[in-house]
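Dropping model32.txt in here (compact mmCIF, C-alpha atoms):
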# COMPACT_ATOMS: atom_id res chain seq x y z
CA MET P 1 106.23 45.60 98.37
CA SER P 2 107.83 48.99 98.14
CA GLU P 3 107.42 51.39 101.01
CA PRO P 4 106.32 54.98 100.28
CA VAL P 5 109.26 57.35 100.66
CA LEU P 6 108.73 60.90 101.88
CA ARG P 7 111.05 63.19 99.98
CA THR P 8 111.45 66.85 100.76
CA PRO P 9 111.32 69.10 97.67
CA LEU P 10 115.01 70.06 97.79
CA GLY P 11 116.47 66.76 98.99
CA LEU P 12 117.72 68.33 102.25
CA ARG P 13 120.53 70.15 100.49
CA ALA P 14 122.76 72.58 102.35
CA VAL P 15 125.44 75.06 101.35
CA VAL P 16 127.52 77.77 102.99
CA PHE P 17 128.94 80.95 101.48
CA GLY P 18 131.93 82.83 102.80
CA ARG P 19 135.38 84.21 102.18
CA ARG P 20 136.84 82.07 104.95
CA PRO P 21 135.57 78.51 105.43
CA SER P 22 135.90 78.84 109.19
CA ALA P 23 133.39 81.69 109.41
CA PRO P 24 130.71 81.41 106.73
CA ALA P 25 128.66 84.54 106.06
CA VAL P 26 125.50 82.70 105.04
CA ARG P 27 124.26 79.16 105.39
CA LEU P 28 121.32 77.83 103.37
CA GLU P 29 119.77 74.50 104.21
CA GLU P 30 116.53 72.71 103.70
CA ALA P 31 114.84 71.58 106.88
CA PRO P 32 113.40 68.07 107.18
CA ALA P 33 109.69 67.33 106.86
CA ALA P 34 107.59 68.63 109.74
CA VAL P 35 104.02 69.30 110.72
CA ARG P 36 102.45 72.38 109.20
CA VAL P 37 98.78 72.94 109.82
CA GLY P 38 96.85 75.91 108.46
CA LEU P 39 94.28 77.13 110.95
CA ARG P 40 91.43 79.54 110.28
CA ALA P 41 89.26 80.43 113.26
CA SER P 42 87.78 83.36 115.16
CA ALA P 43 89.87 84.73 118.02
CA GLU P 44 87.58 83.02 120.57
CA ASP P 45 87.81 79.62 118.88
CA ALA P 46 91.56 80.08 118.50
CA ALA P 47 91.87 80.74 122.24
CA ARG P 48 90.13 77.42 122.99
CA ILE P 49 92.31 75.58 120.45
CA GLY P 50 95.35 77.24 121.98
CA VAL P 51 94.50 75.78 125.39
CA ALA P 52 94.34 72.31 123.83
CA LEU P 53 97.72 72.77 122.13
CA GLY P 54 99.45 74.55 125.01
CA LEU P 55 99.60 77.89 123.20
CA ASP P 56 98.56 81.38 124.25
CA LEU P 57 96.37 82.19 121.24
CA PRO P 58 95.31 84.40 119.47
CA GLY P 59 98.62 86.17 120.14
CA PRO P 60 99.91 89.45 118.66
CA PRO P 61 99.71 90.11 114.89
CA LEU P 62 102.62 88.87 112.75
CA ARG P 63 104.31 87.13 115.66
CA ALA P 64 105.09 83.56 116.60
CA VAL P 65 103.47 82.13 119.71
CA THR P 66 105.72 79.40 121.06
CA GLY P 67 104.46 76.46 123.04
CA GLU P 68 106.15 73.33 124.26
CA LEU P 69 105.36 71.23 121.18
CA VAL P 70 103.79 73.63 118.70
CA VAL P 71 104.66 77.07 117.31
CA ALA P 72 101.82 79.16 115.91
CA LEU P 73 102.54 81.95 113.42
CA ARG P 74 99.78 84.57 113.36
CA LEU P 75 99.62 85.49 109.67
CA GLY P 76 96.27 87.26 109.54
CA PRO P 77 93.46 88.42 111.80
CA GLU P 78 91.93 84.93 111.78
CA GLU P 79 94.74 82.85 110.31
CA TRP P 80 97.55 80.89 111.95
CA LEU P 81 100.13 78.40 110.73
CA LEU P 82 100.98 75.74 113.29
CA LEU P 83 104.46 74.20 113.15
CA ALA P 84 105.78 71.19 115.01
CA ALA P 85 108.86 69.01 114.59
CA ASP P 86 107.08 65.66 114.66
CA PRO P 87 106.06 64.83 111.05
CA ASP P 88 102.72 63.27 112.06
CA PRO P 89 99.94 65.90 112.04
CA ARG P 90 97.21 63.63 113.36
CA PRO P 91 97.60 64.35 117.10
CA ILE P 92 97.44 68.11 116.41
CA LEU P 93 94.44 67.80 114.10
CA ALA P 94 92.68 65.63 116.69
CA ALA P 95 93.39 68.17 119.44
CA ILE P 96 92.00 70.96 117.24
CA ALA P 97 88.91 68.93 116.35
CA GLY P 98 88.24 68.30 120.04
CA ALA P 99 88.66 71.94 121.05
CA ALA P 100 86.80 73.37 118.05
CA GLU P 101 83.59 71.45 118.76
CA GLY P 102 80.68 73.69 117.76
CA GLY P 103 82.93 76.47 116.44
CA HIS P 104 83.52 77.59 112.86
CA VAL P 105 87.06 76.39 112.26
CA ALA P 106 89.17 75.09 109.38
CA ALA P 107 92.36 73.13 110.06
CA VAL P 108 94.24 71.78 107.05
CA ASP P 109 97.36 69.63 106.97
CA LEU P 110 99.79 71.59 104.76
CA GLY P 111 102.85 69.48 105.56
CA HIS P 112 103.53 68.51 101.96
CA ARG P 113 102.77 71.92 100.52
CA PHE P 114 105.91 73.65 101.70
CA ALA P 115 109.62 73.40 101.38
CA GLU P 116 111.32 74.83 104.44
CA ILE P 117 114.59 76.68 103.90
CA LEU P 118 116.70 77.94 106.79
CA VAL P 119 118.82 81.00 106.11
CA SER P 120 121.36 81.82 108.79
CA GLY P 121 124.61 83.68 109.32
CA PRO P 122 125.72 87.29 109.73
CA ALA P 123 124.77 88.17 106.13
CA ALA P 124 121.36 86.43 106.23
CA PRO P 125 119.27 89.64 106.46
CA GLU P 126 121.17 91.12 103.52
CA VAL P 127 120.69 87.99 101.41
CA LEU P 128 116.95 88.12 102.03
CA ALA P 129 116.83 91.85 101.37
CA ALA P 130 117.96 91.09 97.80
CA GLY P 131 114.42 89.94 97.03
CA CYS P 132 112.18 90.65 100.00
CA PRO P 133 110.37 94.01 100.19
CA LEU P 134 109.99 93.81 103.98
CA ASP P 135 111.89 96.05 106.32
CA LEU P 136 114.12 93.48 108.05
CA ASP P 137 115.39 95.95 110.62
CA PRO P 138 114.97 94.28 114.04
CA ARG P 139 112.90 97.26 115.19
CA PHE P 140 110.25 96.36 112.60
CA ALA P 141 110.82 92.60 112.38
CA PRO P 142 112.35 91.38 115.64
CA PRO P 143 113.02 87.68 116.30
CA GLY P 144 109.62 86.01 116.45
CA PHE P 145 108.29 88.06 113.53
CA ALA P 146 106.33 86.01 110.99
CA SER P 147 104.50 87.06 107.86
CA ARG P 148 103.64 86.12 104.35
CA THR P 149 105.65 88.21 101.91
CA LEU P 150 107.62 87.90 98.66
CA LEU P 151 111.08 86.76 97.68
CA GLY P 152 111.80 87.77 94.12
CA LYS P 153 108.76 86.61 92.22
CA CYS P 154 107.53 83.94 94.61
CA GLU P 155 105.47 84.14 97.74
CA ILE P 156 107.16 83.02 100.94
CA LEU P 157 106.36 82.75 104.59
CA LEU P 158 109.09 84.42 106.58
CA HIS P 159 109.67 83.54 110.23
CA ARG P 160 112.57 85.24 111.98
CA LEU P 161 114.01 82.75 114.46
CA GLY P 162 116.84 84.97 115.68
CA GLU P 163 118.66 88.14 114.75
CA ASN P 164 120.44 86.33 111.90
CA ARG P 165 118.33 83.20 111.51
CA PHE P 166 115.28 82.93 109.30
CA ARG P 167 112.88 80.17 108.38
CA LEU P 168 111.36 80.42 104.88
CA LEU P 169 108.37 78.35 103.92
CA VAL P 170 107.82 78.26 100.18
CA ASN P 171 105.34 76.33 98.08
CA ARG P 172 107.13 73.19 96.89
CA SER P 173 106.83 73.98 93.19
CA PHE P 174 108.63 77.29 93.84
CA ALA P 175 111.28 75.71 96.07
CA GLU P 176 113.93 75.40 93.35
CA TYR P 177 113.40 78.99 92.22
CA CYS P 178 113.58 80.24 95.78
CA TRP P 179 116.74 78.23 96.50
CA ARG P 180 118.52 79.49 93.42
CA PHE P 181 117.45 83.05 94.15
CA LEU P 182 119.01 82.77 97.61
CA GLU P 183 122.16 81.15 96.21
CA HIS P 184 122.53 83.93 93.66
CA ALA P 185 122.06 86.61 96.32
CA ALA P 186 124.51 84.84 98.67
CA LEU P 187 127.31 84.75 96.06
CA GLU P 188 128.03 88.35 96.98
CA PHE P 189 129.30 87.14 100.36
CA GLY P 190 131.73 84.49 99.19
CA THR P 191 132.13 81.29 97.25
CA PRO P 192 129.76 78.40 97.92
CA ALA P 193 130.90 75.27 99.68
CA PRO P 194 128.63 72.28 100.09
CA VAL P 195 127.91 71.03 103.56
CA THR P 196 127.80 67.37 104.45
CA ARG P 197 124.94 66.87 106.82
CA SER P 198 125.09 64.54 109.74
CA MET G 1 106.13 102.15 94.51
CA LEU G 2 103.50 103.02 97.12
CA ARG G 3 103.90 102.17 100.77
CA ILE G 4 100.45 100.96 101.73
CA PRO G 5 99.39 100.81 105.38
CA CYS G 6 97.64 97.46 105.70
CA PRO G 7 95.26 97.53 108.70
CA PHE G 8 96.69 94.24 109.99
CA CYS G 9 100.29 94.12 108.75
CA GLY G 10 101.26 97.79 108.90
CA PRO G 11 103.12 99.64 106.11
CA ARG G 12 104.08 97.29 103.28
CA ALA G 13 105.39 97.56 99.74
CA GLU G 14 102.87 97.92 96.94
CA ILE G 15 104.02 94.71 95.16
CA GLU G 16 102.51 92.68 98.00
CA PHE G 17 99.05 94.04 97.13
CA ARG G 18 96.46 93.78 94.38
CA CYS G 19 94.31 96.80 93.58
CA GLY G 20 90.61 95.93 93.32
CA GLY G 21 89.55 99.15 91.58
CA GLU G 22 87.01 101.70 92.69
CA ALA G 23 85.23 101.07 96.00
CA HIS G 24 81.58 101.56 97.01
CA ILE G 25 80.03 100.41 93.73
CA ARG G 26 76.75 98.76 94.61
CA ARG G 27 75.16 96.07 92.50
CA PRO G 28 71.70 97.34 91.45
CA ALA G 29 68.96 95.78 93.58
CA ASP G 30 66.85 94.79 90.56
CA PRO G 31 69.09 94.21 87.51
CA ASP G 32 66.11 93.15 85.35
CA ALA G 33 64.63 96.63 85.62
CA LEU G 34 67.73 98.30 84.14
CA SER G 35 68.23 99.29 80.53
CA ASP G 36 71.32 97.98 78.76
CA ALA G 37 72.92 101.39 79.07
CA GLU G 38 72.31 101.52 82.80
CA TRP G 39 73.69 97.99 83.23
CA ALA G 40 76.76 98.87 81.17
CA ASP G 41 77.18 101.94 83.34
CA TYR G 42 77.23 99.74 86.46
CA LEU G 43 79.60 97.20 84.93
CA PHE G 44 82.13 99.34 83.12
CA MET G 45 81.99 103.03 83.93
CA ARG G 46 84.38 104.17 86.65
CA GLY G 47 85.42 107.52 88.00
CA ASN G 48 88.81 108.94 87.14
CA PRO G 49 89.05 111.83 89.55
CA LYS G 50 91.87 114.27 90.00
CA GLY G 51 91.80 114.24 93.77
CA VAL G 52 90.31 111.92 96.36
CA HIS G 53 89.70 108.39 95.07
CA PHE G 54 88.18 105.56 97.10
CA GLU G 55 89.53 102.17 96.13
CA ARG G 56 89.70 98.56 97.28
CA TRP G 57 92.99 96.82 97.96
CA PHE G 58 93.83 93.20 98.69
CA HIS G 59 96.94 92.21 100.65
CA ALA G 60 97.59 89.15 98.47
CA HIS G 61 101.10 88.38 99.72
CA GLY G 62 100.40 89.24 103.34
CA CYS G 63 97.35 88.75 105.53
CA GLN G 64 95.18 88.08 102.45
CA ARG G 65 92.50 90.52 103.52
CA TRP G 66 90.60 93.20 101.61
CA PHE G 67 90.32 96.77 102.83
CA ASN G 68 89.32 100.20 101.54
CA LEU G 69 91.72 103.03 100.98
CA ALA G 70 91.32 106.72 100.11
CA ARG G 71 94.09 108.05 97.90
CA ASP G 72 94.79 111.46 96.45
CA THR G 73 95.45 110.73 92.79
CA VAL G 74 97.45 113.94 92.35
CA GLY G 75 100.36 113.10 94.66
CA ASP G 76 99.51 109.45 95.38
CA ARG G 77 99.15 110.40 99.02
CA ILE G 78 97.19 107.83 101.03
CA LEU G 79 94.60 109.70 103.05
CA ALA G 80 92.75 106.97 104.95
CA VAL G 81 92.45 103.22 105.36
CA TYR G 82 89.16 101.74 106.51
CA ALA G 83 87.40 98.42 106.73
CA MET G 84 85.54 96.65 103.94
CA GLY G 85 81.84 97.56 104.15
CA ALA G 86 82.51 100.79 106.07
CA GLU G 87 81.68 104.21 104.70
CA PRO G 88 84.61 106.48 103.77
CA PRO G 89 85.57 109.07 106.41
CA ALA G 90 82.99 111.89 106.26
CA GLY G 91 85.54 114.68 105.73
CA LEU G 92 87.06 112.97 102.70
CA ARG G 93 83.64 112.19 101.23
CA ARG G 94 82.64 115.86 101.46
CA GLU G 95 85.92 116.86 99.86
CA ALA G 96 85.34 114.40 97.00
CA GLU G 97 81.77 115.69 96.49
CA VAL G 98 82.75 119.36 96.49
CA ARG G 99 85.35 118.69 93.82
CA GLY G 100 82.94 116.61 91.77
CA ASP G 101 85.04 113.47 92.24
CA ASP G 102 83.37 110.09 92.30

Go through the file and emit its structure as structure tokens.
Amino acid sequence: MSEPVLRTPLGLRAVVFGRRPSAPAVRLEEAPAAVRVGLRASAEDAARIGVALGLDLPGPPLRAVTGELVVALRLGPEEWLLLAADPDPRPILAAIAGAAEGGHVAAVDLGHRFAEILVSGPAAPEVLAAGCPLDLDPRFAPPGFASRTLLGKCEILLHRLGENRFRLLVNRSFAEYCWRFLEHAALEFGTPAPVTRS
Amino acid sequence: MLRIPCPFCGPRAEIEFRCGGEAHIRRPADPDALSDAEWADYLFMRGNPKGVHFERWFHAHGCQRWFNLARDTVGDRILAVYAMGAEPPAGLRREAEVRGDD
């Protein structure tokens, strides 16, 4: 019997760009599989679900609300994306189902929909600016900012983890396009060097 | 490129949006009672004002919500943003009527 194998869309590839190998300007890497749950609910229902997940929902617009196990990105007035490192979504879905009793709520496991690309390094904002129409100035998009937007011709979900660290969630069929777009933009900051991952 | 103030996301680039055409067009209550010409008028005929224009926009690559927007078609200036189902701001509506805009 063969076991099912969970492959991420980009095979966990990673690459750095820079003029000096010791101090790369940009690092691109695919993140491993994780829980991603799309949540649609009213603000009141979201508050109850937040209690069950240890999150202070609904939270401010276009910001991440960070809990101990789960991060919730508020993407719309009644829309959140829940992220967690553990690849099994069932505990989260069960917690939502318990808290949403009687409410009008949709929670969908989107774990296999996305490829997750991490863009980091001093030139990361400039690499993204090559194809993203957002104002990436920290005054407009400080760390914790999260929104759906565009990169080149494909839709992405942008989550700013730190001043120079970004998480991109892209539909898996667009993952290759998105990766190559980032690689092309990063060439400006040096030659690519593959990274061996531990 | 317009910079469109989305009610939820704030000012964003036009390429993130889809324009849904003219706003405030009501489906006739009793379509069977209409002549073909009147039905065609409802389906196809739209205003093309030089001045205030009320239109629907969808933030497709953002919060994925619809909203209404009043735009001056002369300079592409955005005059107001208001919720779906709401009436346009009274001042702008009067201005549009005085000028004969739709």

Quiz item: Between P:Gly59, P:Pro133, P:Pro122, P:Pro21, which one has atoms that come closest to chain G, using only C-alpha atoms?
Solution: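 When distances to chain G are compared using only C-alpha atoms, the smallest one comes from P:Pro133.
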
Exercise. Pull out every residue of chain G sitting within 9 Å of chain P, counting only C-alpha atoms, and send them as number ranges by chain.
Key: G: 8-9, 12-13, 15-16, 60-65

Could you turn the residues from that selection into a file that holds C-alpha atoms, as a short mmCIF file (atom, residue, chain, number, x, y, z; two decimals), in the coordinates of the input?
data_model
loop_
_atom_site.label_atom_id
_atom_site.label_comp_id
_atom_site.auth_asym_id
_atom_site.auth_seq_id
_atom_site.Cartn_x
_atom_site.Cartn_y
_atom_site.Cartn_z
CA PHE G 8 96.69 94.24 109.99
CA CYS G 9 100.29 94.12 108.75
CA ARG G 12 104.08 97.29 103.28
CA ALA G 13 105.39 97.56 99.74
CA ILE G 15 104.02 94.71 95.16
CA GLU G 16 102.51 92.68 98.00
CA ALA G 60 97.59 89.15 98.47
CA HIS G 61 101.10 88.38 99.72
CA GLY G 62 100.40 89.24 103.34
CA CYS G 63 97.35 88.75 105.53
CA GLN G 64 95.18 88.08 102.45
CA ARG G 65 92.50 90.52 103.52
#

Exercise. Find, counting all atoms listed in the file, the residue in G:Leu79, G:Leu34, G:Met84, G:Ala70 that gets nearest to Glu55 (chain G).
Key: G:Ala70

Exercise. Pick out the residues sitting within 10 Å of Asp86 (chain P), and hand them over as a count of residues only; count all atoms listed in the file, and ignore anything fewer than 6 positions along from it in its own chain.
Key: 6

Quiz item: Separation of CA of Arg46 (chain G) and CA of Pro5 (chain G), in Å?
Solution: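 According to the coordinates, CA of Arg46 (chain G) and CA of Pro5 (chain G) are separated by 24.2 Å.
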
Missing atoms in region 22-43 of chain G: can you complete it with N, CA, C and O atoms, as a CSV table (one decimal), keeping the file's coordinate frame?
chain,number,residue,atom,x,y,z
G,22,GLU,N,87.8,100.7,91.9
G,22,GLU,CA,87.0,101.7,92.7
G,22,GLU,C,86.1,101.0,93.7
G,22,GLU,O,85.6,99.9,93.5
G,23,ALA,N,86.0,101.6,94.9
G,23,ALA,CA,85.2,101.1,96.0
G,23,ALA,C,83.8,101.7,96.0
G,23,ALA,O,83.5,102.6,95.2
G,24,HIS,N,82.9,101.1,96.8
G,24,HIS,CA,81.6,101.6,97.0
G,24,HIS,C,80.7,101.5,95.8
G,24,HIS,O,79.8,102.4,95.6
G,25,ILE,N,80.9,100.6,94.9
G,25,ILE,CA,80.0,100.4,93.7
G,25,ILE,C,79.0,99.3,94.1
G,25,ILE,O,79.4,98.2,94.4
G,26,ARG,N,77.8,99.7,94.2
G,26,ARG,CA,76.8,98.8,94.6
G,26,ARG,C,76.1,98.1,93.4
G,26,ARG,O,75.8,98.7,92.4
G,27,ARG,N,75.9,96.8,93.5
G,27,ARG,CA,75.2,96.1,92.5
G,27,ARG,C,73.7,96.5,92.6
G,27,ARG,O,73.1,96.6,93.6
G,28,PRO,N,73.1,96.9,91.4
G,28,PRO,CA,71.7,97.3,91.4
G,28,PRO,C,70.8,96.3,92.1
G,28,PRO,O,71.0,95.1,91.8
G,29,ALA,N,69.8,96.7,92.9
G,29,ALA,CA,69.0,95.8,93.6
G,29,ALA,C,68.1,94.9,92.6
G,29,ALA,O,67.9,93.7,92.9
G,30,ASP,N,67.7,95.5,91.5
G,30,ASP,CA,66.8,94.8,90.6
G,30,ASP,C,67.4,94.9,89.1
G,30,ASP,O,67.0,95.7,88.4
G,31,PRO,N,68.4,94.1,88.8
G,31,PRO,CA,69.1,94.2,87.5
G,31,PRO,C,68.1,94.1,86.3
G,31,PRO,O,68.3,94.7,85.3
G,32,ASP,N,67.0,93.3,86.5
G,32,ASP,CA,66.1,93.2,85.4
G,32,ASP,C,65.4,94.5,84.9
G,32,ASP,O,65.0,94.6,83.8
G,33,ALA,N,65.3,95.4,85.9
G,33,ALA,CA,64.6,96.6,85.6
G,33,ALA,C,65.5,97.6,84.9
G,33,ALA,O,65.1,98.7,84.5
G,34,LEU,N,66.8,97.3,84.7
G,34,LEU,CA,67.7,98.3,84.1
G,34,LEU,C,67.7,98.2,82.6
G,34,LEU,O,67.6,97.1,82.1
G,35,SER,N,68.0,99.3,82.0
G,35,SER,CA,68.2,99.3,80.5
G,35,SER,C,69.7,98.8,80.3
G,35,SER,O,70.5,98.8,81.2
G,36,ASP,N,70.0,98.4,79.1
G,36,ASP,CA,71.3,98.0,78.8
G,36,ASP,C,72.3,99.1,79.1
G,36,ASP,O,73.4,98.8,79.6
G,37,ALA,N,72.0,100.3,78.8
G,37,ALA,CA,72.9,101.4,79.1
G,37,ALA,C,73.2,101.5,80.6
G,37,ALA,O,74.3,101.7,81.0
G,38,GLU,N,72.1,101.4,81.3
G,38,GLU,CA,72.3,101.5,82.8
G,38,GLU,C,73.2,100.4,83.3
G,38,GLU,O,74.0,100.5,84.2
G,39,TRP,N,72.9,99.2,82.8
G,39,TRP,CA,73.7,98.0,83.2
G,39,TRP,C,75.2,98.1,82.8
G,39,TRP,O,76.1,97.9,83.6
G,40,ALA,N,75.4,98.6,81.6
G,40,ALA,CA,76.8,98.9,81.2
G,40,ALA,C,77.4,99.9,82.1
G,40,ALA,O,78.6,99.8,82.4
G,41,ASP,N,76.6,100.9,82.5
G,41,ASP,CA,77.2,101.9,83.3
G,41,ASP,C,77.7,101.3,84.7
G,41,ASP,O,78.8,101.6,85.1
G,42,TYR,N,76.8,100.4,85.2
G,42,TYR,CA,77.2,99.7,86.5
G,42,TYR,C,78.5,98.9,86.2
G,42,TYR,O,79.4,98.9,87.1
G,43,LEU,N,78.5,98.1,85.1
G,43,LEU,CA,79.6,97.2,84.9
G,43,LEU,C,80.9,97.9,84.6
G,43,LEU,O,82.0,97.5,85.1
